[in-house]
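One file, my_file_18.cif, is given below (mmCIF, C-alpha atoms and all ligand atoms).
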```
data_protein
loop_
_atom_site.label_atom_id
_atom_site.label_comp_id
_atom_site.auth_asym_id
_atom_site.auth_seq_id
_atom_site.Cartn_x
_atom_site.Cartn_y
_atom_site.Cartn_z
CA TYR A 28 11.12 -14.15 -14.20
CA VAL A 29 9.79 -17.66 -13.60
CA PRO A 30 12.64 -20.12 -12.94
CA GLY A 31 12.88 -22.70 -15.69
CA GLY A 32 10.61 -20.75 -18.03
CA VAL A 33 11.12 -21.33 -21.76
CA LEU A 34 10.21 -18.79 -24.44
CA VAL A 35 8.31 -19.80 -27.58
CA ASP A 36 10.88 -18.02 -29.66
CA ALA A 37 9.26 -17.51 -33.06
CA PRO A 38 7.88 -14.51 -34.97
CA HIS A 39 4.49 -13.38 -33.67
CA ASN A 40 2.77 -14.41 -36.90
CA ALA A 41 4.49 -17.78 -37.32
CA PHE A 42 1.35 -19.40 -35.97
CA ALA A 43 2.01 -23.03 -36.94
CA GLN A 44 5.56 -22.90 -35.57
CA ARG A 45 4.38 -21.32 -32.32
CA LEU A 46 1.61 -23.89 -31.83
CA ALA A 47 4.02 -26.77 -32.51
CA THR A 48 6.68 -25.40 -30.14
CA THR A 49 4.09 -24.92 -27.39
CA LYS A 50 2.87 -28.50 -27.83
CA ARG A 51 6.44 -29.80 -27.57
CA LEU A 52 7.18 -27.75 -24.43
CA LEU A 53 3.97 -28.96 -22.78
CA GLU A 54 4.99 -32.55 -23.50
CA GLN A 55 8.40 -31.84 -21.97
CA ARG A 56 6.59 -30.56 -18.85
CA VAL A 57 8.79 -27.46 -18.53
CA PRO A 58 7.92 -25.40 -15.41
CA ALA A 59 6.72 -22.39 -17.40
CA ILE A 60 6.27 -21.31 -21.00
CA TYR A 61 6.49 -17.70 -22.15
CA GLU A 62 4.20 -16.86 -25.08
CA ALA A 63 2.54 -20.28 -25.03
CA SER A 64 0.26 -20.28 -28.09
CA PHE A 65 -3.08 -21.98 -28.64
CA ASP A 66 -5.76 -22.06 -31.30
CA ALA A 67 -9.35 -23.15 -30.69
CA GLY A 68 -12.55 -22.40 -32.58
CA ASN A 69 -10.88 -19.84 -34.87
CA VAL A 70 -9.53 -17.93 -31.89
CA TYR A 71 -5.78 -17.67 -31.33
CA ALA A 72 -4.26 -16.76 -27.97
CA ALA A 73 -0.65 -16.32 -26.85
CA VAL A 74 -0.29 -16.48 -23.07
CA ASP A 75 2.44 -14.30 -21.59
CA ILE A 76 3.30 -16.88 -18.92
CA LEU A 77 1.84 -20.35 -18.62
CA GLU A 78 3.00 -21.92 -15.35
CA ARG A 79 2.63 -25.46 -14.13
CA ASP A 80 0.36 -25.56 -11.09
CA GLY A 81 0.16 -29.10 -9.72
CA ASP A 82 -1.45 -31.24 -12.39
CA GLY A 83 -2.97 -28.20 -14.04
CA CYS A 84 -1.64 -24.84 -15.05
CA ARG A 85 -1.89 -21.16 -14.27
CA LEU A 86 -2.17 -18.44 -16.86
CA VAL A 87 -0.51 -15.11 -16.21
CA GLU A 88 -1.21 -12.06 -18.34
CA VAL A 89 1.55 -9.46 -18.03
CA LYS A 90 0.72 -5.80 -18.49
CA SER A 91 3.03 -2.80 -18.58
CA SER A 92 0.49 -0.81 -16.56
CA THR A 93 0.89 -0.13 -12.85
CA LYS A 94 -2.56 -1.38 -11.88
CA LEU A 95 -5.29 -3.77 -12.88
CA LYS A 96 -7.72 -2.18 -15.35
CA GLN A 97 -11.21 -3.30 -16.24
CA GLU A 98 -10.27 -3.84 -19.89
CA HIS A 99 -7.67 -6.42 -18.84
CA ILE A 100 -10.36 -8.86 -17.72
CA PRO A 101 -11.86 -9.72 -21.16
CA ASP A 102 -8.28 -10.22 -22.40
CA VAL A 103 -7.63 -12.81 -19.70
CA ALA A 104 -11.10 -14.33 -20.11
CA VAL A 105 -10.56 -15.03 -23.82
CA GLN A 106 -7.22 -16.69 -23.08
CA LEU A 107 -8.87 -18.81 -20.41
CA HIS A 108 -11.56 -19.80 -22.91
CA VAL A 109 -9.02 -20.79 -25.58
CA LEU A 110 -6.82 -22.75 -23.16
CA ARG A 111 -9.75 -24.72 -21.79
CA SER A 112 -11.07 -25.33 -25.30
CA SER A 113 -7.61 -26.72 -26.08
CA GLY A 114 -7.94 -29.23 -23.26
CA LEU A 115 -5.82 -27.56 -20.58
CA ASP A 116 -6.79 -27.62 -16.93
CA VAL A 117 -6.41 -23.97 -15.92
CA ALA A 118 -6.87 -23.59 -12.18
CA ARG A 119 -6.02 -19.94 -11.81
CA ALA A 120 -5.69 -16.76 -13.87
CA GLU A 121 -3.51 -13.85 -12.79
CA LEU A 122 -2.80 -10.35 -13.96
CA MET A 123 0.79 -9.27 -13.41
CA HIS A 124 1.60 -5.56 -13.55
CA LEU A 125 4.37 -3.20 -12.52
CA ASN A 126 4.66 -2.01 -8.94
CA ARG A 127 5.07 1.77 -8.66
CA ALA A 128 6.33 1.39 -5.08
CA CYS A 129 9.39 -0.54 -6.23
CA ALA A 130 12.57 1.54 -6.47
CA TYR A 131 15.93 0.87 -8.12
CA PRO A 132 18.23 -0.84 -7.21
CA ASP A 133 15.93 -3.20 -5.27
CA LEU A 134 13.78 -4.64 -8.04
CA GLU A 135 12.71 -7.76 -6.11
CA ASP A 136 9.10 -6.58 -6.05
CA LEU A 137 9.04 -4.99 -9.51
CA PHE A 138 5.87 -6.90 -10.39
CA VAL A 139 2.59 -7.46 -8.56
CA ARG A 140 0.29 -10.40 -9.30
CA GLU A 141 -3.46 -10.17 -8.84
CA ASP A 142 -5.83 -13.11 -8.89
CA VAL A 143 -8.45 -12.46 -11.59
CA THR A 144 -9.79 -16.00 -11.82
CA ALA A 145 -13.29 -15.15 -10.58
CA ALA A 146 -13.65 -12.14 -12.87
CA ALA A 147 -12.44 -14.11 -15.90
CA GLU A 148 -14.73 -17.03 -15.00
CA ALA A 149 -17.71 -14.68 -14.78
CA LEU A 150 -17.27 -13.70 -18.44
CA GLN A 151 -17.10 -17.28 -19.76
CA PRO A 152 -20.87 -17.79 -20.39
CA GLU A 153 -21.08 -14.78 -22.72
CA LEU A 154 -17.83 -15.40 -24.62
CA PRO A 155 -19.14 -17.83 -27.30
CA GLU A 156 -21.70 -15.27 -28.48
CA LEU A 157 -19.19 -12.40 -28.33
CA ILE A 158 -16.60 -14.40 -30.27
CA ALA A 159 -19.20 -15.38 -32.88
CA GLY A 160 -20.05 -11.69 -33.29
CA GLN A 161 -16.39 -10.77 -33.74
CA LEU A 162 -15.91 -13.50 -36.34
CA ARG A 163 -19.02 -12.31 -38.22
CA MET A 164 -17.64 -8.77 -38.15
CA LEU A 165 -14.25 -9.89 -39.50
CA ALA A 166 -15.91 -11.84 -42.31
CA GLY A 167 -18.18 -8.93 -43.26
CA GLY A 168 -17.65 -5.62 -45.03
CA LEU A 169 -16.14 -2.43 -43.67
CA PRO A 170 -18.34 -1.18 -40.81
CA ASP A 171 -19.79 2.28 -41.33
CA VAL A 172 -19.38 3.75 -37.85
CA PRO A 173 -19.00 7.48 -37.16
CA ILE A 174 -15.93 8.72 -35.29
CA ASP A 175 -16.63 9.11 -31.62
CA GLU A 176 -15.33 8.44 -28.13
CA HIS A 177 -14.78 4.78 -29.03
CA CYS A 178 -11.88 5.89 -31.28
CA SER A 179 -9.69 6.71 -28.28
CA LYS A 180 -11.18 4.89 -25.32
CA PRO A 181 -9.90 2.72 -23.74
CA TYR A 182 -7.09 2.74 -26.33
CA GLU A 183 -6.34 4.86 -29.37
CA CYS A 184 -7.56 3.05 -32.49
CA PRO A 185 -4.80 2.32 -35.04
CA PHE A 186 -7.11 3.59 -37.81
CA MET A 187 -7.34 7.14 -36.41
CA ASP A 188 -5.21 8.51 -39.27
CA ARG A 189 -7.70 7.18 -41.79
CA CYS A 190 -11.02 7.95 -40.12
CA TRP A 191 -10.06 11.35 -38.70
CA ARG A 192 -8.06 12.73 -41.63
CA ASN A 193 -10.96 14.56 -43.29
CA VAL A 194 -12.29 16.37 -40.25
CA PRO A 195 -12.80 20.09 -41.01
CA GLU A 196 -10.64 22.91 -39.66
CA HIS A 197 -11.42 23.75 -36.03
CA HIS A 198 -13.07 20.38 -35.51
CA VAL A 199 -14.40 20.03 -31.96
CA SER A 200 -11.57 17.56 -31.27
CA THR A 201 -9.19 20.58 -31.43
CA LEU A 202 -10.97 22.28 -28.53
CA TYR A 203 -8.47 22.84 -25.70
CA ARG A 204 -8.32 19.68 -23.60
CA ALA A 205 -11.62 18.40 -24.94
CA PRO A 206 -12.10 15.01 -23.23
CA HIS A 207 -11.77 12.04 -25.58
CA GLY A 208 -11.34 14.14 -28.67
CA GLY A 209 -14.54 16.10 -28.13
CA ALA A 210 -16.61 12.90 -28.23
CA ALA A 211 -19.40 14.35 -26.09
CA LEU A 212 -19.73 17.35 -28.42
CA ILE A 213 -19.75 15.08 -31.47
CA THR A 214 -22.53 13.05 -29.88
CA LEU A 215 -24.49 16.28 -29.39
CA GLY A 216 -24.19 16.95 -33.12
CA PHE A 217 -21.46 19.62 -33.14
CA GLU A 218 -18.76 19.26 -35.77
CA THR A 219 -16.65 22.42 -35.42
CA ILE A 220 -15.89 24.97 -32.73
CA ALA A 221 -17.62 27.56 -34.93
CA GLU A 222 -20.95 25.85 -34.18
CA LEU A 223 -20.59 25.91 -30.39
CA PRO A 224 -22.91 28.24 -28.46
CA PRO A 225 -21.57 30.39 -25.59
CA GLY A 226 -21.49 28.77 -22.17
CA GLY A 227 -20.62 25.34 -20.93
CA LEU A 228 -16.90 25.75 -21.72
CA ASN A 229 -14.00 26.55 -19.44
CA ALA A 230 -12.22 29.91 -19.71
CA ILE A 231 -9.57 28.80 -22.19
CA GLN A 232 -12.06 26.91 -24.34
CA GLU A 233 -14.34 29.95 -24.32
CA ARG A 234 -11.44 32.14 -25.47
CA GLN A 235 -10.73 29.65 -28.24
CA ARG A 236 -14.41 29.61 -29.27
CA LEU A 237 -14.43 33.41 -29.44
CA ALA A 238 -11.21 33.47 -31.49
CA VAL A 239 -12.57 30.95 -33.99
CA GLN A 240 -15.98 32.59 -34.29
CA THR A 241 -14.68 36.17 -34.58
CA GLY A 242 -11.57 35.30 -36.60
CA ARG A 243 -9.30 37.43 -34.42
CA MET A 244 -6.78 37.00 -31.62
CA ILE A 245 -8.35 37.48 -28.20
CA VAL A 246 -6.31 39.75 -25.92
CA GLU A 247 -8.26 40.28 -22.73
CA PRO A 248 -8.01 43.45 -20.62
CA GLY A 249 -6.65 41.57 -17.61
CA LEU A 250 -3.56 40.30 -19.44
CA ALA A 251 -1.17 43.03 -18.24
CA THR A 252 -2.25 42.51 -14.63
CA ALA A 253 -1.92 38.76 -14.96
CA LEU A 254 1.64 39.10 -16.27
CA ARG A 255 2.75 40.97 -13.12
CA VAL A 256 3.21 37.62 -11.38
CA PHE A 257 6.32 37.14 -13.52
CA GLU A 258 8.94 38.95 -11.47
CA GLU A 259 12.07 39.62 -13.52
CA PRO A 260 14.69 38.42 -14.33
CA LEU A 261 12.89 35.54 -16.04
CA ALA A 262 13.96 32.08 -17.14
CA PHE A 263 11.68 30.20 -19.56
CA LEU A 264 12.20 26.53 -18.86
CA ASP A 265 11.16 23.32 -20.59
CA PHE A 266 12.16 19.75 -19.65
CA GLU A 267 12.06 16.57 -21.67
CA THR A 268 11.89 13.37 -19.68
CA VAL A 269 12.06 9.61 -20.06
CA ALA A 270 9.70 7.36 -18.10
CA LEU A 271 11.22 3.89 -18.00
CA ALA A 272 9.02 0.92 -17.15
CA ILE A 273 12.02 -0.77 -15.53
CA PRO A 274 14.00 1.85 -13.59
CA VAL A 275 17.77 1.92 -14.02
CA TRP A 276 18.82 4.86 -11.82
CA ASP A 277 18.99 5.07 -8.02
CA GLY A 278 15.69 5.77 -6.28
CA CYS A 279 13.64 5.70 -9.49
CA HIS A 280 10.30 3.86 -9.66
CA PRO A 281 8.60 2.45 -12.76
CA TYR A 282 7.51 5.32 -15.00
CA ASP A 283 9.11 8.06 -12.92
CA GLN A 284 9.57 10.95 -15.31
CA VAL A 285 13.29 11.58 -15.18
CA PRO A 286 14.57 14.78 -16.83
CA VAL A 287 17.13 14.06 -19.53
CA GLN A 288 17.05 17.37 -21.38
CA PHE A 289 16.21 20.98 -20.69
CA SER A 290 15.92 24.12 -22.70
CA CYS A 291 16.09 27.51 -20.99
CA HIS A 292 15.62 30.93 -22.57
CA ARG A 293 16.83 34.01 -20.68
CA PRO A 294 15.61 37.41 -21.87
CA ALA A 295 18.11 40.24 -21.27
CA PRO A 296 17.23 43.91 -20.59
CA ASP A 297 18.47 44.84 -24.08
CA GLY A 298 15.83 42.58 -25.64
CA THR A 299 18.18 39.77 -26.65
CA ILE A 300 17.46 36.20 -25.59
CA ALA A 301 20.15 33.74 -24.52
CA HIS A 302 19.47 30.03 -24.97
CA HIS A 303 20.87 27.39 -22.62
CA GLU A 304 20.34 23.69 -23.20
CA TRP A 305 21.56 20.33 -21.98
CA LEU A 306 20.98 16.83 -23.32
CA ALA A 307 21.90 13.52 -21.67
CA ASP A 308 24.36 11.36 -23.55
CA GLY A 309 24.92 7.72 -22.63
CA PRO A 310 23.32 5.31 -20.18
CA GLY A 311 24.46 6.95 -16.92
CA ASP A 312 22.21 8.78 -14.46
CA PRO A 313 21.67 12.19 -16.10
CA ARG A 314 20.38 13.98 -13.01
CA PRO A 315 23.57 15.27 -11.32
CA GLU A 316 25.02 16.81 -14.45
CA LEU A 317 21.66 18.13 -15.62
CA ALA A 318 21.05 19.73 -12.21
CA ARG A 319 24.41 21.51 -12.35
CA ALA A 320 23.73 22.80 -15.86
CA LEU A 321 20.20 23.86 -14.87
CA VAL A 322 21.38 25.85 -11.86
CA ALA A 323 23.90 27.64 -14.08
CA ALA A 324 21.26 28.36 -16.73
CA CYS A 325 18.77 29.79 -14.21
CA ARG A 326 21.30 31.71 -12.13
CA GLY A 327 19.91 35.10 -11.11
CA ALA A 328 16.33 34.40 -12.24
CA ARG A 329 13.55 35.63 -9.94
CA THR A 330 10.88 33.65 -11.77
CA VAL A 331 11.16 30.44 -13.73
CA VAL A 332 8.33 30.33 -16.26
CA ALA A 333 7.00 27.08 -17.69
CA TYR A 334 4.00 26.32 -19.87
CA ASN A 335 3.06 23.53 -17.48
CA ALA A 336 4.50 24.54 -14.10
CA HIS A 337 3.10 21.45 -12.41
CA PHE A 338 5.20 19.22 -14.67
CA GLU A 339 8.36 21.33 -14.66
CA GLY A 340 8.00 21.84 -10.89
CA GLY A 341 7.80 18.07 -10.45
CA CYS A 342 10.99 17.64 -12.48
CA ILE A 343 12.76 20.23 -10.31
CA ARG A 344 11.58 18.52 -7.13
CA MET A 345 12.86 15.19 -8.44
CA LEU A 346 16.25 16.76 -9.20
CA ALA A 347 16.35 18.37 -5.76
CA ASP A 348 15.65 14.99 -4.12
CA ALA A 349 18.11 13.07 -6.28
CA VAL A 350 20.86 15.69 -6.23
CA PRO A 351 20.64 17.49 -2.87
CA GLU A 352 23.74 19.57 -3.60
CA PRO A 353 23.53 20.35 -7.29
CA THR A 354 26.53 22.68 -7.43
CA SER A 355 29.73 23.21 -5.51
CA SER A 356 28.38 26.63 -4.55
CA PRO A 357 24.58 26.34 -4.33
CA SER A 358 22.72 29.54 -5.00
CA PRO A 359 19.56 29.78 -2.85
CA ASN A 360 18.34 32.59 -5.10
CA VAL A 361 18.20 30.23 -8.04
CA TRP A 362 17.53 26.73 -6.81
CA PRO A 363 13.71 26.60 -6.65
CA THR A 364 12.42 25.90 -3.17
CA ARG A 365 8.74 26.12 -4.01
CA CYS A 366 6.62 26.09 -7.12
CA ARG A 367 3.59 28.21 -7.78
CA SER A 368 1.16 27.08 -10.40
CA SER A 369 -1.66 29.37 -11.42
CA ALA A 370 -4.40 27.68 -13.41
CA PRO A 371 -5.10 29.78 -16.48
CA THR A 372 -8.30 31.81 -16.25
CA SER A 373 -9.95 34.29 -18.53
CA THR A 374 -7.54 36.96 -17.35
CA THR A 375 -4.30 35.01 -17.07
CA PRO A 376 -1.91 33.94 -19.81
CA THR A 377 -1.65 30.28 -20.71
CA SER A 378 1.81 30.07 -19.14
CA THR A 379 2.22 29.24 -15.50
CA ALA A 380 5.03 30.16 -13.19
CA ALA A 381 7.40 28.32 -10.92
CA SER A 382 8.73 30.90 -8.51
CA ALA A 383 12.46 30.73 -7.95
S1 LIG A 401 -10.85 5.39 -35.81
FE1 LIG A 401 -11.14 3.23 -35.32
S2 LIG A 401 -12.78 3.21 -33.78
FE2 LIG A 401 -12.84 5.21 -34.80
S3 LIG A 401 -14.34 4.95 -36.44
FE3 LIG A 401 -12.30 4.54 -37.31
S4 LIG A 401 -12.05 2.32 -37.15
FE4 LIG A 401 -13.76 2.89 -35.78
#
```
What do you get writing this file as structure tokens?
Ligand code: SF4
Amino acid sequence: YVPGGVLVDAPHNAFAQRLATTKRLLEQRVPAIYEASFDAGNVYAAVDILERDGDGCRLVEVKSSTKLKQEHIPDVAVQLHVLRSSGLDVARAELMHLNRACAYPDLEDLFVREDVTAAAEALQPELPELIAGQLRMLAGGLPDVPIDEHCSKPYECPFMDRCWRNVPEHHVSTLYRAPHGGAALITLGFETIAELPPGGLNAIQERQRLAVQTGRMIVEPGLATALRVFEEPLAFLDFETVALAIPVWDGCHPYDQVPVQFSCHRPAPDGTIAHHEWLADGPGDPRPELARALVAACRGARTVVAYNAHFEGGCIRMLADAVPEPTSSPSPNVWPTRCRSSAPTSTTPTSTAASA
């Protein structure tokens, strides 16, 4: 990405080799070093891109995200600290991330750079104490910290399998869409859904609480009415997608969710169910062929039913945009022209519908 850049090409844990290679490349005054590695005061840092900037240098942290996040700043600040402690003159620190506006095949502006020098500078005074605390923690015993929101925010902890494996059945983290694994409920002292009092939950969570506490399936009186929205014939549809950081198909942006597989179940009046499926094979753009197969699978359906109609509707809209004429004989009765999503309530089923 940076002309003349040279990669420190060694295993991530070959510390001595990486430090020596970085030193040699700095002496050679190459324009940029990828994965330049430094060690100062028991802190090791590998800089994604270290660019020459006049007599000094510029550090660039590359993230696969599509925007600058607050948690990126301490990351850059520690690198700045280590580089300066190693004697480098760092004039500027940047955060480079993907640009969602960029679309294949024009990838000229795939990345955006943001100047985070001031924010990283602002953290410098407190870093020595923070680093000392981290080193004390690493040298000490296993911390005895209860599971909580910190286990998944801002990132999922790699020790989740260990710390969360003994949680009881119906732990509050299993509550439907409980934010951050039910951290707020854990903080309030609740361990399982069985302990939760009525109120304060959304309709689906309340149904789940009732089911757990009564030990029976909850079938509410409004279910039959709610199901009337599903006008037959029905097609039950599910997509699988890939979201590539670097797009490879026409018109796609970073992380566009591109359908590569679908599964469609069609109930017949005699009670049998036909299954249609399609799976991409090979590196080519899957959308035209998938769209043709999808139209055939849904032919004649009055309602396309999806567990998450917002997602499946988005996939269908993407296919419609990418493949305006999905078949040689388009069927307006089948190709979805609008999507209806009904948020589940206490009287509606957990499925949602995309109207054909
Ligand atoms: S999962 Fe991670 S953050 Fe959570 S308690 Fe265990 S070690 Fe700490």
**Request:** For each of A:Gly216, A:Pro170, A:Gly83, A:Pro315, take the minimum atom-to-atom distance to ligand LIG 401 (chain A), counting all atoms listed in the file, then give the residue where this is smallest.
**Result:**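 Looking only at the distances to ligand LIG 401 (chain A), the closest residue turns out to be A:Pro170.
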**Message:** Let me make sure I understand: among A:Pro296, A:Gly227, A:Gly208, A:Pro58, which one has the smallest atom-to-atom distance to ligand LIG 401 (chain A) if we use only C-alpha atoms and all ligand atoms?
**Reply:**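 Closest to ligand LIG 401 (chain A) of all the choices is A:Gly208.
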**Request:** Using only C-alpha atoms and all ligand atoms, find the one residue out of A:Phe186, A:Tyr203, A:Phe217, A:Phe338 that sits nearest to ligand LIG 401 (chain A).
**Result:**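 Smallest distance to ligand LIG 401 (chain A) is found for A:Phe186.
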**Message:** Taking only C-alpha atoms and all ligand atoms into account, list the residues no farther than 10 Å from ligand LIG 401 (chain A), as a list of chain:residue names.
**Reply:**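 Every residue with an atom at most 10 Å from ligand LIG 401 (chain A) is listed here: A:Leu169, A:Pro170, A:Asp171, A:Val172, A:Pro173, A:Ile174, A:Asp175, A:Glu176, A:His177, A:Cys178, A:Ser179, A:Lys180, A:Tyr182, A:Glu183, A:Cys184, A:Pro185, A:Phe186, A:Met187, A:Asp188, A:Arg189, A:Cys190, A:Trp191, A:Arg192.
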**Prompt:** Any idea what the distance is between CA of Asp312 in chain A and CA of Thr268 in chain A?
**Reply:** 12.4 Å
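Each of A:Arg204, A:Arg314, A:Arg119, A:Arg127 was compared to Ser91 in chain A using only C-alpha atoms, and A:Arg127 turns out to be the nearest.
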**Message:** So that I can check the surroundings of range 279-291 of chain A, please list as a VMD selection string every protein, DNA and RNA residue that reaches within 9 Å of it, counting only C-alpha atoms and ignoring chain neighbours fewer than 5 positions away.
**Reply:** chain A and resid 93 125 to 132 137 262 to 274 301 to 308 312 to 314 317 321 324 to 325 341 to 343 345 to 346
**Message:** Taking all atoms listed in the file into account, name the residue in A:Phe138, A:Tyr71, A:Tyr334, A:Phe65 that is nearest to Ser113 in chain A.
**Reply:**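 Closest candidate: A:Phe65.
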**Message:** Please return as a VMD selection string every residue within 12 Å of (-7.4, -12.4, -25.4), taking into account all atoms listed in the file and the file's own coordinates.
**Reply:** chain A and resid 64 to 66 70 to 75 86 to 89 98 to 110 147 154 158
**Request:** Go ahead and compute the interatomic distance for CA of Ile76 in chain A and CA of Ala63 in chain A, in Å to one decimal.
**Result:** 7.0 Å
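Checking A:Ser112, A:Glu259, A:Ala318, A:Ser92 one by one against Pro155 in chain A, counting only C-alpha atoms, you find the shortest gap at A:Ser112.
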**Complete:** Computed gap from CA of Val331 in chain A to CA of His292 in chain A is 9.9 Å
